[in-house]
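S.K.: My structure is in my_file_8.cif, and what it holds is mmCIF, C-alpha atoms:
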data_target
#
loop_
_atom_site.group_PDB
_atom_site.id
_atom_site.type_symbol
_atom_site.label_atom_id
_atom_site.label_comp_id
_atom_site.auth_asym_id
_atom_site.auth_seq_id
_atom_site.Cartn_x
_atom_site.Cartn_y
_atom_site.Cartn_z
ATOM 1 C CA MET A 18 -17.728 11.718 11.886
ATOM 2 C CA THR A 19 -14.918 9.908 13.674
ATOM 3 C CA SER A 20 -11.443 10.544 12.251
ATOM 4 C CA PRO A 21 -9.196 7.527 11.764
ATOM 5 C CA PHE A 22 -5.802 7.272 13.454
ATOM 6 C CA VAL A 23 -3.320 6.283 10.742
ATOM 7 C CA LYS A 24 0.403 5.788 11.127
ATOM 8 C CA VAL A 25 3.155 4.454 8.865
ATOM 9 C CA GLN A 26 6.302 3.874 10.871
ATOM 10 C CA ARG A 27 9.478 1.840 11.155
ATOM 11 C CA GLU A 28 8.966 1.084 14.869
ATOM 12 C CA ASP A 29 6.826 -1.669 16.314
ATOM 13 C CA PHE A 30 3.406 -0.884 17.798
ATOM 14 C CA ASP A 31 1.700 -2.014 20.982
ATOM 15 C CA LEU A 32 -1.698 -3.689 20.509
ATOM 16 C CA GLN A 33 -3.020 -2.908 23.989
ATOM 17 C CA ALA A 34 -1.893 0.715 23.810
ATOM 18 C CA GLU A 35 -3.750 1.129 20.508
ATOM 19 C CA ILE A 36 -6.942 -0.454 21.889
ATOM 20 C CA ASP A 37 -6.677 1.892 24.903
ATOM 21 C CA ARG A 38 -6.233 4.890 22.618
ATOM 22 C CA LEU A 39 -9.593 4.092 20.995
ATOM 23 C CA THR A 40 -11.599 3.056 24.043
ATOM 24 C CA ASN A 41 -10.293 5.029 27.035
ATOM 25 C CA GLY A 42 -12.990 7.245 28.505
ATOM 26 C CA ARG A 43 -15.622 5.952 26.077
ATOM 27 C CA ARG A 44 -18.981 4.416 27.043
ATOM 28 C CA ASP A 45 -20.487 4.096 23.569
ATOM 29 C CA ILE A 46 -18.272 1.311 22.226
ATOM 30 C CA GLY A 47 -19.609 -2.229 22.425
ATOM 31 C CA ALA A 48 -17.129 -4.054 20.219
ATOM 32 C CA VAL A 49 -13.450 -3.827 19.374
ATOM 33 C CA VAL A 50 -11.917 -6.028 16.684
ATOM 34 C CA THR A 51 -8.135 -6.106 16.420
ATOM 35 C CA PHE A 52 -6.319 -7.554 13.432
ATOM 36 C CA SER A 53 -2.571 -7.821 13.377
ATOM 37 C CA GLY A 54 -0.508 -9.184 10.512
ATOM 38 C CA LEU A 55 2.841 -10.757 11.374
ATOM 39 C CA CYS A 56 5.858 -11.797 9.347
ATOM 40 C CA ARG A 57 5.874 -15.602 8.728
ATOM 41 C CA ASP A 58 9.108 -17.577 8.470
ATOM 42 C CA GLU A 59 7.800 -19.548 5.425
ATOM 43 C CA GLY A 60 8.706 -22.944 6.839
ATOM 44 C CA GLY A 61 11.953 -21.685 8.319
ATOM 45 C CA THR A 62 13.397 -20.376 5.031
ATOM 46 C CA LEU A 63 12.732 -16.659 5.468
ATOM 47 C CA GLY A 64 15.224 -14.449 7.281
ATOM 48 C CA ALA A 65 13.357 -11.164 6.937
ATOM 49 C CA LEU A 66 10.901 -9.185 4.870
ATOM 50 C CA GLU A 67 11.925 -5.788 3.601
ATOM 51 C CA LEU A 68 8.944 -3.475 3.330
ATOM 52 C CA GLU A 69 9.182 -0.516 0.996
ATOM 53 C CA HIS A 70 6.508 2.191 0.857
ATOM 54 C CA TYR A 71 5.658 5.364 -1.021
ATOM 55 C CA PRO A 72 6.055 8.033 1.682
ATOM 56 C CA GLY A 73 3.073 10.350 1.770
ATOM 57 C CA MET A 74 0.925 8.272 -0.561
ATOM 58 C CA ALA A 75 0.918 5.302 1.846
ATOM 59 C CA GLU A 76 -0.536 7.456 4.648
ATOM 60 C CA ALA A 77 -2.990 9.158 2.277
ATOM 61 C CA GLU A 78 -4.245 5.891 0.798
ATOM 62 C CA ILE A 79 -4.732 4.180 4.188
ATOM 63 C CA THR A 80 -6.548 7.285 5.466
ATOM 64 C CA ARG A 81 -8.848 7.233 2.436
ATOM 65 C CA ILE A 82 -9.666 3.544 3.016
ATOM 66 C CA ALA A 83 -10.163 4.100 6.755
ATOM 67 C CA LYS A 84 -12.613 6.953 6.145
ATOM 68 C CA LEU A 85 -14.623 4.763 3.758
ATOM 69 C CA ALA A 86 -14.805 2.056 6.448
ATOM 70 C CA ILE A 87 -15.904 4.477 9.178
ATOM 71 C CA GLU A 88 -18.700 5.771 6.990
ATOM 72 C CA ARG A 89 -19.844 2.431 5.630
ATOM 73 C CA PHE A 90 -19.898 0.533 8.955
ATOM 74 C CA GLU A 91 -20.638 3.500 11.241
ATOM 75 C CA LEU A 92 -17.508 2.827 13.245
ATOM 76 C CA ARG A 93 -16.896 4.671 16.522
ATOM 77 C CA GLY A 94 -13.148 4.511 16.098
ATOM 78 C CA LEU A 95 -10.570 3.118 13.693
ATOM 79 C CA THR A 96 -6.805 2.753 13.858
ATOM 80 C CA ALA A 97 -4.599 1.509 11.023
ATOM 81 C CA MET A 98 -0.824 1.212 11.376
ATOM 82 C CA HIS A 99 1.704 -0.228 8.935
ATOM 83 C CA ARG A 100 5.424 -0.719 9.400
ATOM 84 C CA TYR A 101 8.211 -0.395 6.831
ATOM 85 C CA GLY A 102 11.852 -1.412 6.790
ATOM 86 C CA LYS A 103 13.299 -4.836 7.601
ATOM 87 C CA ILE A 104 10.955 -7.043 9.600
ATOM 88 C CA ALA A 105 11.980 -10.405 11.071
ATOM 89 C CA PRO A 106 9.721 -13.482 11.342
ATOM 90 C CA GLY A 107 7.464 -13.176 14.362
ATOM 91 C CA GLU A 108 7.390 -9.384 14.249
ATOM 92 C CA ASN A 109 4.322 -7.243 13.557
ATOM 93 C CA ILE A 110 3.732 -5.739 10.119
ATOM 94 C CA VAL A 111 0.237 -4.249 10.184
ATOM 95 C CA LEU A 112 -2.432 -3.428 12.746
ATOM 96 C CA VAL A 113 -6.113 -2.547 12.359
ATOM 97 C CA VAL A 114 -8.323 -1.775 15.358
ATOM 98 C CA ALA A 115 -12.003 -1.192 14.623
ATOM 99 C CA ALA A 116 -14.437 -0.045 17.318
ATOM 100 C CA ALA A 117 -18.206 -0.049 16.898
ATOM 101 C CA SER A 118 -21.451 -0.301 18.848
ATOM 102 C CA HIS A 119 -21.917 -3.911 17.785
ATOM 103 C CA ARG A 120 -19.573 -6.738 16.829
ATOM 104 C CA GLN A 121 -20.566 -7.272 13.180
ATOM 105 C CA ALA A 122 -19.686 -3.706 12.210
ATOM 106 C CA ALA A 123 -16.349 -3.987 14.010
ATOM 107 C CA PHE A 124 -15.486 -7.304 12.282
ATOM 108 C CA ASP A 125 -16.604 -6.018 8.881
ATOM 109 C CA GLY A 126 -14.796 -2.714 9.308
ATOM 110 C CA ALA A 127 -11.471 -4.373 10.111
ATOM 111 C CA ASN A 128 -11.916 -6.877 7.267
ATOM 112 C CA PHE A 129 -12.798 -4.147 4.756
ATOM 113 C CA VAL A 130 -9.762 -2.063 5.715
ATOM 114 C CA MET A 131 -7.411 -5.043 5.288
ATOM 115 C CA ASP A 132 -8.898 -6.083 1.920
ATOM 116 C CA PHE A 133 -8.471 -2.577 0.513
ATOM 117 C CA LEU A 134 -5.140 -1.901 2.194
ATOM 118 C CA LYS A 135 -3.592 -5.035 0.666
ATOM 119 C CA THR A 136 -4.618 -4.094 -2.868
ATOM 120 C CA SER A 137 -4.269 -0.310 -2.923
ATOM 121 C CA ALA A 138 -1.918 0.970 -0.213
ATOM 122 C CA PRO A 139 1.536 1.471 -1.801
ATOM 123 C CA PHE A 140 3.698 -1.075 0.042
ATOM 124 C CA TRP A 141 5.920 -3.768 -1.445
ATOM 125 C CA LYS A 142 7.608 -6.756 0.174
ATOM 126 C CA LYS A 143 10.996 -8.184 -0.698
ATOM 127 C CA GLU A 144 12.068 -11.524 0.738
ATOM 128 C CA HIS A 145 15.466 -12.076 2.291
ATOM 129 C CA ALA A 146 16.428 -15.726 2.784
ATOM 130 C CA LYS A 147 17.650 -17.094 6.113
ATOM 131 C CA ASP A 148 21.167 -17.516 4.685
ATOM 132 C CA GLY A 149 21.282 -13.768 3.972
ATOM 133 C CA GLN A 150 20.635 -14.082 0.222
ATOM 134 C CA GLU A 151 18.512 -11.329 -1.243
ATOM 135 C CA GLY A 152 15.350 -12.912 -2.654
ATOM 136 C CA ASP A 153 12.474 -11.863 -4.883
ATOM 137 C CA TRP A 154 9.791 -9.258 -4.572
ATOM 138 C CA VAL A 155 6.541 -10.841 -3.401
ATOM 139 C CA SER A 156 3.984 -11.029 -6.244
ATOM 140 C CA ALA A 157 0.501 -9.591 -5.875
ATOM 141 C CA LYS A 158 -2.174 -12.281 -5.494
ATOM 142 C CA ASP A 159 -5.371 -12.564 -7.544
ATOM 143 C CA ALA A 160 -7.065 -13.802 -4.350
ATOM 144 C CA ASP A 161 -6.471 -10.384 -2.780
ATOM 145 C CA ASP A 162 -8.220 -8.660 -5.692
ATOM 146 C CA ALA A 163 -11.112 -11.122 -5.359
ATOM 147 C CA ALA A 164 -11.337 -10.387 -1.625
ATOM 148 C CA ARG A 165 -11.624 -6.698 -2.358
ATOM 149 C CA ALA A 166 -14.191 -7.232 -5.131
ATOM 150 C CA LYS A 167 -16.610 -8.992 -2.797
ATOM 151 C CA TRP A 168 -17.310 -5.690 -0.981
ATOM 152 C CA ALA A 169 -18.780 -4.261 -4.183
ATOM 153 C CA ASP A 170 -21.065 -7.297 -4.651
ATOM 154 C CA GLU A 171 -22.433 -6.995 -1.120
ATOM 155 C CA LYS A 172 -23.550 -3.394 -1.474
ATOM 156 C CA MET B 28 9.924 19.203 -15.982
ATOM 157 C CA THR B 29 8.040 16.353 -14.400
ATOM 158 C CA LYS B 30 9.188 14.495 -11.296
ATOM 159 C CA LEU B 31 9.068 10.732 -11.601
ATOM 160 C CA VAL B 32 9.429 8.403 -8.599
ATOM 161 C CA TYR B 33 10.000 4.662 -8.795
ATOM 162 C CA PHE B 34 9.436 1.900 -6.240
ATOM 163 C CA ALA B 35 10.285 -1.779 -5.625
ATOM 164 C CA TRP B 36 11.473 -3.687 -8.734
ATOM 165 C CA VAL B 37 10.666 -0.773 -11.036
ATOM 166 C CA ARG B 38 13.177 1.306 -9.012
ATOM 167 C CA GLU B 39 15.746 -1.499 -9.002
ATOM 168 C CA ARG B 40 15.506 -2.136 -12.754
ATOM 169 C CA ILE B 41 15.643 1.549 -13.716
ATOM 170 C CA GLY B 42 18.488 1.995 -11.253
ATOM 171 C CA LYS B 43 17.270 5.106 -9.439
ATOM 172 C CA GLY B 44 14.528 6.168 -7.062
ATOM 173 C CA GLU B 45 13.559 9.420 -8.751
ATOM 174 C CA GLU B 46 14.383 11.849 -11.516
ATOM 175 C CA GLU B 47 13.102 14.995 -13.224
ATOM 176 C CA ILE B 48 12.562 14.760 -16.961
ATOM 177 C CA SER B 49 11.028 16.945 -19.616
ATOM 178 C CA LEU B 50 8.367 15.197 -21.641
ATOM 179 C CA PRO B 51 7.634 15.735 -25.334
ATOM 180 C CA ALA B 52 4.288 17.394 -26.098
ATOM 181 C CA GLU B 53 2.865 14.208 -27.623
ATOM 182 C CA VAL B 54 3.006 12.447 -24.251
ATOM 183 C CA ILE B 55 -0.606 12.949 -23.159
ATOM 184 C CA THR B 56 -1.630 9.921 -21.090
ATOM 185 C CA VAL B 57 -0.060 7.577 -18.559
ATOM 186 C CA GLY B 58 0.193 4.984 -21.340
ATOM 187 C CA ASP B 59 2.061 7.462 -23.561
ATOM 188 C CA LEU B 60 4.459 8.157 -20.678
ATOM 189 C CA LEU B 61 5.259 4.441 -20.260
ATOM 190 C CA ASN B 62 5.889 4.095 -24.009
ATOM 191 C CA HIS B 63 8.116 7.178 -24.005
ATOM 192 C CA LEU B 64 10.173 5.998 -21.021
ATOM 193 C CA LYS B 65 10.840 2.704 -22.813
ATOM 194 C CA THR B 66 12.768 4.644 -25.466
ATOM 195 C CA LEU B 67 15.172 6.134 -22.901
ATOM 196 C CA GLY B 68 17.415 3.106 -22.553
ATOM 197 C CA GLU B 69 17.789 -0.575 -21.897
ATOM 198 C CA GLU B 70 17.125 -0.310 -18.164
ATOM 199 C CA TYR B 71 13.790 1.429 -18.815
ATOM 200 C CA GLU B 72 12.908 -1.167 -21.439
ATOM 201 C CA THR B 73 13.583 -3.956 -18.934
ATOM 202 C CA ALA B 74 11.603 -2.264 -16.175
ATOM 203 C CA LEU B 75 8.608 -1.471 -18.377
ATOM 204 C CA GLN B 76 8.567 -4.409 -20.791
ATOM 205 C CA PHE B 77 5.131 -5.466 -19.468
ATOM 206 C CA PRO B 78 3.391 -2.082 -19.123
ATOM 207 C CA GLU B 79 0.137 -3.721 -17.985
ATOM 208 C CA ALA B 80 1.985 -4.802 -14.810
ATOM 209 C CA ILE B 81 2.912 -1.221 -13.949
ATOM 210 C CA ARG B 82 0.767 0.792 -11.550
ATOM 211 C CA VAL B 83 0.860 4.562 -11.709
ATOM 212 C CA ALA B 84 -0.007 7.336 -9.273
ATOM 213 C CA ILE B 85 -0.414 10.988 -10.265
ATOM 214 C CA ASP B 86 0.277 13.299 -7.331
ATOM 215 C CA MET B 87 -0.068 10.304 -4.999
ATOM 216 C CA GLU B 88 -3.435 9.118 -6.328
ATOM 217 C CA HIS B 89 -3.887 5.914 -8.336
ATOM 218 C CA ALA B 90 -4.364 6.586 -12.053
ATOM 219 C CA ASP B 91 -5.424 4.358 -14.972
ATOM 220 C CA HIS B 92 -3.219 4.078 -18.047
ATOM 221 C CA ASP B 93 -5.639 6.111 -20.174
ATOM 222 C CA GLU B 94 -5.641 9.091 -17.817
ATOM 223 C CA PRO B 95 -4.034 12.360 -18.934
ATOM 224 C CA ILE B 96 -0.921 13.470 -17.055
ATOM 225 C CA ALA B 97 -1.185 17.201 -17.789
ATOM 226 C CA GLY B 98 -0.415 19.292 -14.718
ATOM 227 C CA ALA B 99 1.060 16.402 -12.727
ATOM 228 C CA ARG B 100 3.728 17.479 -10.225
ATOM 229 C CA GLU B 101 4.850 13.950 -9.353
ATOM 230 C CA ILE B 102 4.201 10.658 -11.095
ATOM 231 C CA GLY B 103 4.917 7.385 -9.283
ATOM 232 C CA LEU B 104 5.585 4.105 -11.121
ATOM 233 C CA PHE B 105 5.528 0.808 -9.252
ATOM 234 C CA PRO B 106 4.468 -2.864 -9.329
ATOM 235 C CA PRO B 107 1.106 -4.059 -7.922
ATOM 236 C CA MET B 108 1.015 -3.506 -4.163
ATOM 237 C CA THR B 109 1.849 -6.324 -1.740
ATOM 238 C CA GLY B 110 1.491 -4.751 1.708
ATOM 239 C CA GLY B 111 -0.561 -5.930 4.659
#
Could you quickly redo this structure as structure tokens?
M.R.:
Amino acid sequence: MTSPFVKVQREDFDLQAEIDRLTNGRRDIGAVVTFSGLCRDEGGTLGALELEHYPGMAEAEITRIAKLAIERFELRGLTAMHRYGKIAPGENIVLVVAAASHRQAAFDGANFVMDFLKTSAPFWKKEHAKDGQEGDWVSAKDADDAARAKWADEK
Amino acid sequence: MTKLVYFAWVRERIGKGEEEISLPAEVITVGDLLNHLKTLGEEYETALQFPEAIRVAIDMEHADHDEPIAGAREIGLFPPMTGG
């Protein structure tokens, strides 16, 4: 079975380089879906997001989710990267690249990884306002739990 | 001794990122641990006043509040995750 490429890092990542890492030299991949999550400025009020993670567990949890996705959707390759530290509006936060023989598996694989990552990978976001004021921790959303639950219903 | 690690607002309210504590024998489950920590001081009481909002990991794996903690090397306490 394909092993996922998982990385939790402070630095930015390069979308094209990550697609190349999965597809270079391959002739069996028919579809690549790339999802990237960026930091929004929340209508111009947000100065930065501070992302905290549980070192070790974050990597382990994303790897667990990625392996489930590879098995369930028969993916030919899967990359999941998540940044931590202070991230400014417009910058990347998370990247998922799913490669498969056909497009539906690639779309579903990327979607599945994001739904599980959001609800079970140990990351937390704190808002910092544009004026430099330290803000609140972002609350978990019920909608994210509902998004994850739908994968059980579809089995 | 058991190593406890705290994240996000749990860490901020308790006022430290980690500590090693010895637990009384009657602390069997995750739920017992949360109740015990609440007796350690005001900052713990504030951090854990709504125990149902606290997520726990035993040796870096998610654990329910009724799970036993025997043998745990590291227990993480944190709010619901908000990554992605």
S.K.: Expressed in Å to a single decimal, how great is the separation between atom CA of B:Lys65 and atom CA of B:Phe77?
M.R.: 10.5 Å
S.K.: Determine, counting all atoms listed in the file, which protein, DNA and RNA residues have an atom within 12 Å of an atom of A:Arg57; residues of the same chain fewer than 4 positions away are not included. Present the result as a list in words.
M.R.: Gly61, Thr62, Leu63, Gly64, Ala65, Leu66, Ile104, Ala105, Pro106, Gly107, Glu108, Asn109, Ile110 and Glu144 of chain A
S.K.: Compile the residues of chain A that lie within 7 Å of chain B, evaluated using only C-alpha atoms, and express the compilation as a ChimeraX atom specification.
M.R.: /A:54,69,74,110-111,131,134-142,155-157
S.K.: What does the PyMOL selection byres ((chain B and resi 57) around 8) select in this file, as a list in words?
M.R.: Ile55, Thr56, Gly58, Asp59, Leu60, Leu61, Val83, Ala90, Asp91, His92, Asp93, Glu94, Pro95 and Ile96 of chain B
S.K.: On this structure, the PyMOL selection byres ((chain A and resi 44-46) around 12) would catch which residues? List them as a short mmCIF file (atom, residue, chain, number, x, y, z; two decimals) with C-alpha atoms, in the coordinates of the input, sorted by chain and number.
M.R.:
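Below you can see selection.cif, which holds the result:
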data_model
loop_
_atom_site.label_atom_id
_atom_site.label_comp_id
_atom_site.auth_asym_id
_atom_site.auth_seq_id
_atom_site.Cartn_x
_atom_site.Cartn_y
_atom_site.Cartn_z
CA ILE A 36 -6.94 -0.45 21.89
CA ASP A 37 -6.68 1.89 24.90
CA LEU A 39 -9.59 4.09 21.00
CA THR A 40 -11.60 3.06 24.04
CA ASN A 41 -10.29 5.03 27.04
CA GLY A 42 -12.99 7.24 28.50
CA ARG A 43 -15.62 5.95 26.08
CA GLY A 47 -19.61 -2.23 22.42
CA ALA A 48 -17.13 -4.05 20.22
CA VAL A 49 -13.45 -3.83 19.37
CA VAL A 50 -11.92 -6.03 16.68
CA GLU A 91 -20.64 3.50 11.24
CA LEU A 92 -17.51 2.83 13.24
CA ARG A 93 -16.90 4.67 16.52
CA GLY A 94 -13.15 4.51 16.10
CA LEU A 95 -10.57 3.12 13.69
CA ALA A 115 -12.00 -1.19 14.62
CA ALA A 116 -14.44 -0.04 17.32
CA ALA A 117 -18.21 -0.05 16.90
CA SER A 118 -21.45 -0.30 18.85
CA HIS A 119 -21.92 -3.91 17.78
CA ARG A 120 -19.57 -6.74 16.83
CA ALA A 122 -19.69 -3.71 12.21
CA ALA A 123 -16.35 -3.99 14.01
#
S.K.: For the atom pair atom CA of B:Glu45 and atom CA of A:Tyr71, what is the interatomic distance in Å to one decimal place?
M.R.: 11.8 Å
S.K.: Report, in Å to a single decimal, how far apart atom CA of B:Glu79 and atom CA of B:Leu67 are.
M.R.: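 Spanning atom CA of B:Leu67 to atom CA of B:Glu79 is a straight-line distance of 18.6 Å.
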S.K.: Give me the residues within 12 Å of B:Leu64 as a PyMOL selection string, counting only C-alpha atoms and dropping any in the same chain fewer than 3 places off.
M.R.: chain B and resi 31+41+46+48-51+54+57-61+67-76+78+104
S.K.: Using all atoms listed in the file, which residue out of B:Glu101, B:Arg38, B:Gly44, B:Ile81 lies closest to B:Asn62?
M.R.: B:Ile81
S.K.: Can you complete the atoms of stretch 76-87 of chain B to all heavy atoms and list them as a PDB file, keeping the file's coordinate frame?
M.R.:
ATOM      1  N   GLN B  76       8.864  -3.556 -19.629  1.00  0.00           N
ATOM      2  CA  GLN B  76       8.567  -4.409 -20.791  1.00  0.00           C
ATOM      3  C   GLN B  76       7.138  -4.958 -20.748  1.00  0.00           C
ATOM      4  O   GLN B  76       6.585  -5.294 -21.795  1.00  0.00           O
ATOM      5  CB  GLN B  76       9.576  -5.549 -20.899  1.00  0.00           C
ATOM      6  CG  GLN B  76       9.640  -6.469 -19.692  1.00  0.00           C
ATOM      7  CD  GLN B  76      10.631  -7.618 -19.890  1.00  0.00           C
ATOM      8  OE1 GLN B  76      10.745  -8.133 -20.992  1.00  0.00           O
ATOM      9  NE2 GLN B  76      11.333  -8.011 -18.843  1.00  0.00           N
ATOM     10  N   PHE B  77       6.540  -5.064 -19.558  1.00  0.00           N
ATOM     11  CA  PHE B  77       5.131  -5.466 -19.468  1.00  0.00           C
ATOM     12  C   PHE B  77       4.356  -4.303 -18.846  1.00  0.00           C
ATOM     13  O   PHE B  77       4.091  -4.302 -17.651  1.00  0.00           O
ATOM     14  CB  PHE B  77       4.969  -6.733 -18.633  1.00  0.00           C
ATOM     15  CG  PHE B  77       5.760  -7.896 -19.154  1.00  0.00           C
ATOM     16  CD1 PHE B  77       6.884  -8.364 -18.471  1.00  0.00           C
ATOM     17  CD2 PHE B  77       5.392  -8.522 -20.340  1.00  0.00           C
ATOM     18  CE1 PHE B  77       7.619  -9.442 -18.958  1.00  0.00           C
ATOM     19  CE2 PHE B  77       6.132  -9.595 -20.830  1.00  0.00           C
ATOM     20  CZ  PHE B  77       7.248 -10.054 -20.151  1.00  0.00           C
ATOM     21  N   PRO B  78       3.996  -3.298 -19.677  1.00  0.00           N
ATOM     22  CA  PRO B  78       3.391  -2.082 -19.123  1.00  0.00           C
ATOM     23  C   PRO B  78       2.116  -2.353 -18.329  1.00  0.00           C
ATOM     24  O   PRO B  78       1.792  -1.623 -17.397  1.00  0.00           O
ATOM     25  CB  PRO B  78       3.099  -1.213 -20.351  1.00  0.00           C
ATOM     26  CG  PRO B  78       3.557  -1.963 -21.535  1.00  0.00           C
ATOM     27  CD  PRO B  78       4.149  -3.256 -21.128  1.00  0.00           C
ATOM     28  N   GLU B  79       1.399  -3.439 -18.699  1.00  0.00           N
ATOM     29  CA  GLU B  79       0.137  -3.721 -17.985  1.00  0.00           C
ATOM     30  C   GLU B  79       0.388  -4.091 -16.519  1.00  0.00           C
ATOM     31  O   GLU B  79      -0.506  -4.035 -15.690  1.00  0.00           O
ATOM     32  CB  GLU B  79      -0.673  -4.822 -18.705  1.00  0.00           C
ATOM     33  CG  GLU B  79      -0.040  -6.208 -18.751  1.00  0.00           C
ATOM     34  CD  GLU B  79       1.047  -6.362 -19.831  1.00  0.00           C
ATOM     35  OE1 GLU B  79       1.367  -5.360 -20.533  1.00  0.00           O
ATOM     36  OE2 GLU B  79       1.592  -7.464 -19.956  1.00  0.00           O
ATOM     37  N   ALA B  80       1.640  -4.459 -16.199  1.00  0.00           N
ATOM     38  CA  ALA B  80       1.985  -4.802 -14.810  1.00  0.00           C
ATOM     39  C   ALA B  80       2.408  -3.585 -13.995  1.00  0.00           C
ATOM     40  O   ALA B  80       2.693  -3.692 -12.814  1.00  0.00           O
ATOM     41  CB  ALA B  80       3.109  -5.837 -14.791  1.00  0.00           C
ATOM     42  N   ILE B  81       2.448  -2.426 -14.643  1.00  0.00           N
ATOM     43  CA  ILE B  81       2.912  -1.221 -13.949  1.00  0.00           C
ATOM     44  C   ILE B  81       1.723  -0.416 -13.427  1.00  0.00           C
ATOM     45  O   ILE B  81       0.778  -0.133 -14.164  1.00  0.00           O
ATOM     46  CB  ILE B  81       3.744  -0.325 -14.908  1.00  0.00           C
ATOM     47  CG1 ILE B  81       4.916  -1.120 -15.519  1.00  0.00           C
ATOM     48  CG2 ILE B  81       4.239   0.932 -14.180  1.00  0.00           C
ATOM     49  CD1 ILE B  81       5.984  -1.541 -14.540  1.00  0.00           C
ATOM     50  N   ARG B  82       1.783  -0.080 -12.155  1.00  0.00           N
ATOM     51  CA  ARG B  82       0.767   0.792 -11.550  1.00  0.00           C
ATOM     52  C   ARG B  82       1.322   2.214 -11.502  1.00  0.00           C
ATOM     53  O   ARG B  82       2.528   2.403 -11.322  1.00  0.00           O
ATOM     54  CB  ARG B  82       0.434   0.338 -10.128  1.00  0.00           C
ATOM     55  CG  ARG B  82      -0.108  -1.073 -10.045  1.00  0.00           C
ATOM     56  CD  ARG B  82      -1.571  -1.142 -10.467  1.00  0.00           C
ATOM     57  NE  ARG B  82      -2.115  -2.485 -10.326  1.00  0.00           N
ATOM     58  CZ  ARG B  82      -2.067  -3.417 -11.281  1.00  0.00           C
ATOM     59  NH1 ARG B  82      -1.466  -3.151 -12.431  1.00  0.00           N
ATOM     60  NH2 ARG B  82      -2.591  -4.614 -11.076  1.00  0.00           N
ATOM     61  N   VAL B  83       0.419   3.170 -11.642  1.00  0.00           N
ATOM     62  CA  VAL B  83       0.860   4.562 -11.709  1.00  0.00           C
ATOM     63  C   VAL B  83       0.031   5.425 -10.764  1.00  0.00           C
ATOM     64  O   VAL B  83      -1.181   5.218 -10.613  1.00  0.00           O
ATOM     65  CB  VAL B  83       0.729   5.076 -13.168  1.00  0.00           C
ATOM     66  CG1 VAL B  83       1.086   6.552 -13.251  1.00  0.00           C
ATOM     67  CG2 VAL B  83       1.617   4.261 -14.104  1.00  0.00           C
ATOM     68  N   ALA B  84       0.693   6.352 -10.109  1.00  0.00           N
ATOM     69  CA  ALA B  84      -0.007   7.336  -9.273  1.00  0.00           C
ATOM     70  C   ALA B  84       0.372   8.732  -9.752  1.00  0.00           C
ATOM     71  O   ALA B  84       1.546   9.019  -9.985  1.00  0.00           O
ATOM     72  CB  ALA B  84       0.376   7.167  -7.817  1.00  0.00           C
ATOM     73  N   ILE B  85      -0.648   9.579  -9.922  1.00  0.00           N
ATOM     74  CA  ILE B  85      -0.414  10.988 -10.265  1.00  0.00           C
ATOM     75  C   ILE B  85      -0.661  11.808  -9.008  1.00  0.00           C
ATOM     76  O   ILE B  85      -1.753  11.746  -8.428  1.00  0.00           O
ATOM     77  CB  ILE B  85      -1.337  11.445 -11.412  1.00  0.00           C
ATOM     78  CG1 ILE B  85      -1.033  10.644 -12.688  1.00  0.00           C
ATOM     79  CG2 ILE B  85      -1.183  12.945 -11.657  1.00  0.00           C
ATOM     80  CD1 ILE B  85      -1.947  10.953 -13.857  1.00  0.00           C
ATOM     81  N   ASP B  86       0.361  12.538  -8.583  1.00  0.00           N
ATOM     82  CA  ASP B  86       0.277  13.299  -7.331  1.00  0.00           C
ATOM     83  C   ASP B  86      -0.293  12.446  -6.195  1.00  0.00           C
ATOM     84  O   ASP B  86      -1.186  12.865  -5.455  1.00  0.00           O
ATOM     85  CB  ASP B  86      -0.531  14.582  -7.540  1.00  0.00           C
ATOM     86  CG  ASP B  86       0.192  15.527  -8.493  1.00  0.00           C
ATOM     87  OD1 ASP B  86       1.434  15.471  -8.565  1.00  0.00           O
ATOM     88  OD2 ASP B  86      -0.491  16.306  -9.190  1.00  0.00           O
ATOM     89  N   MET B  87       0.241  11.247  -6.084  1.00  0.00           N
ATOM     90  CA  MET B  87      -0.068  10.304  -4.999  1.00  0.00           C
ATOM     91  C   MET B  87      -1.489   9.758  -5.019  1.00  0.00           C
ATOM     92  O   MET B  87      -2.001   9.310  -3.999  1.00  0.00           O
ATOM     93  CB  MET B  87       0.241  10.919  -3.629  1.00  0.00           C
ATOM     94  CG  MET B  87       1.709  11.290  -3.477  1.00  0.00           C
ATOM     95  SD  MET B  87       2.114  11.687  -1.767  1.00  0.00           S
ATOM     96  CE  MET B  87       3.868  12.043  -1.919  1.00  0.00           C
TER      97      MET B  87
END
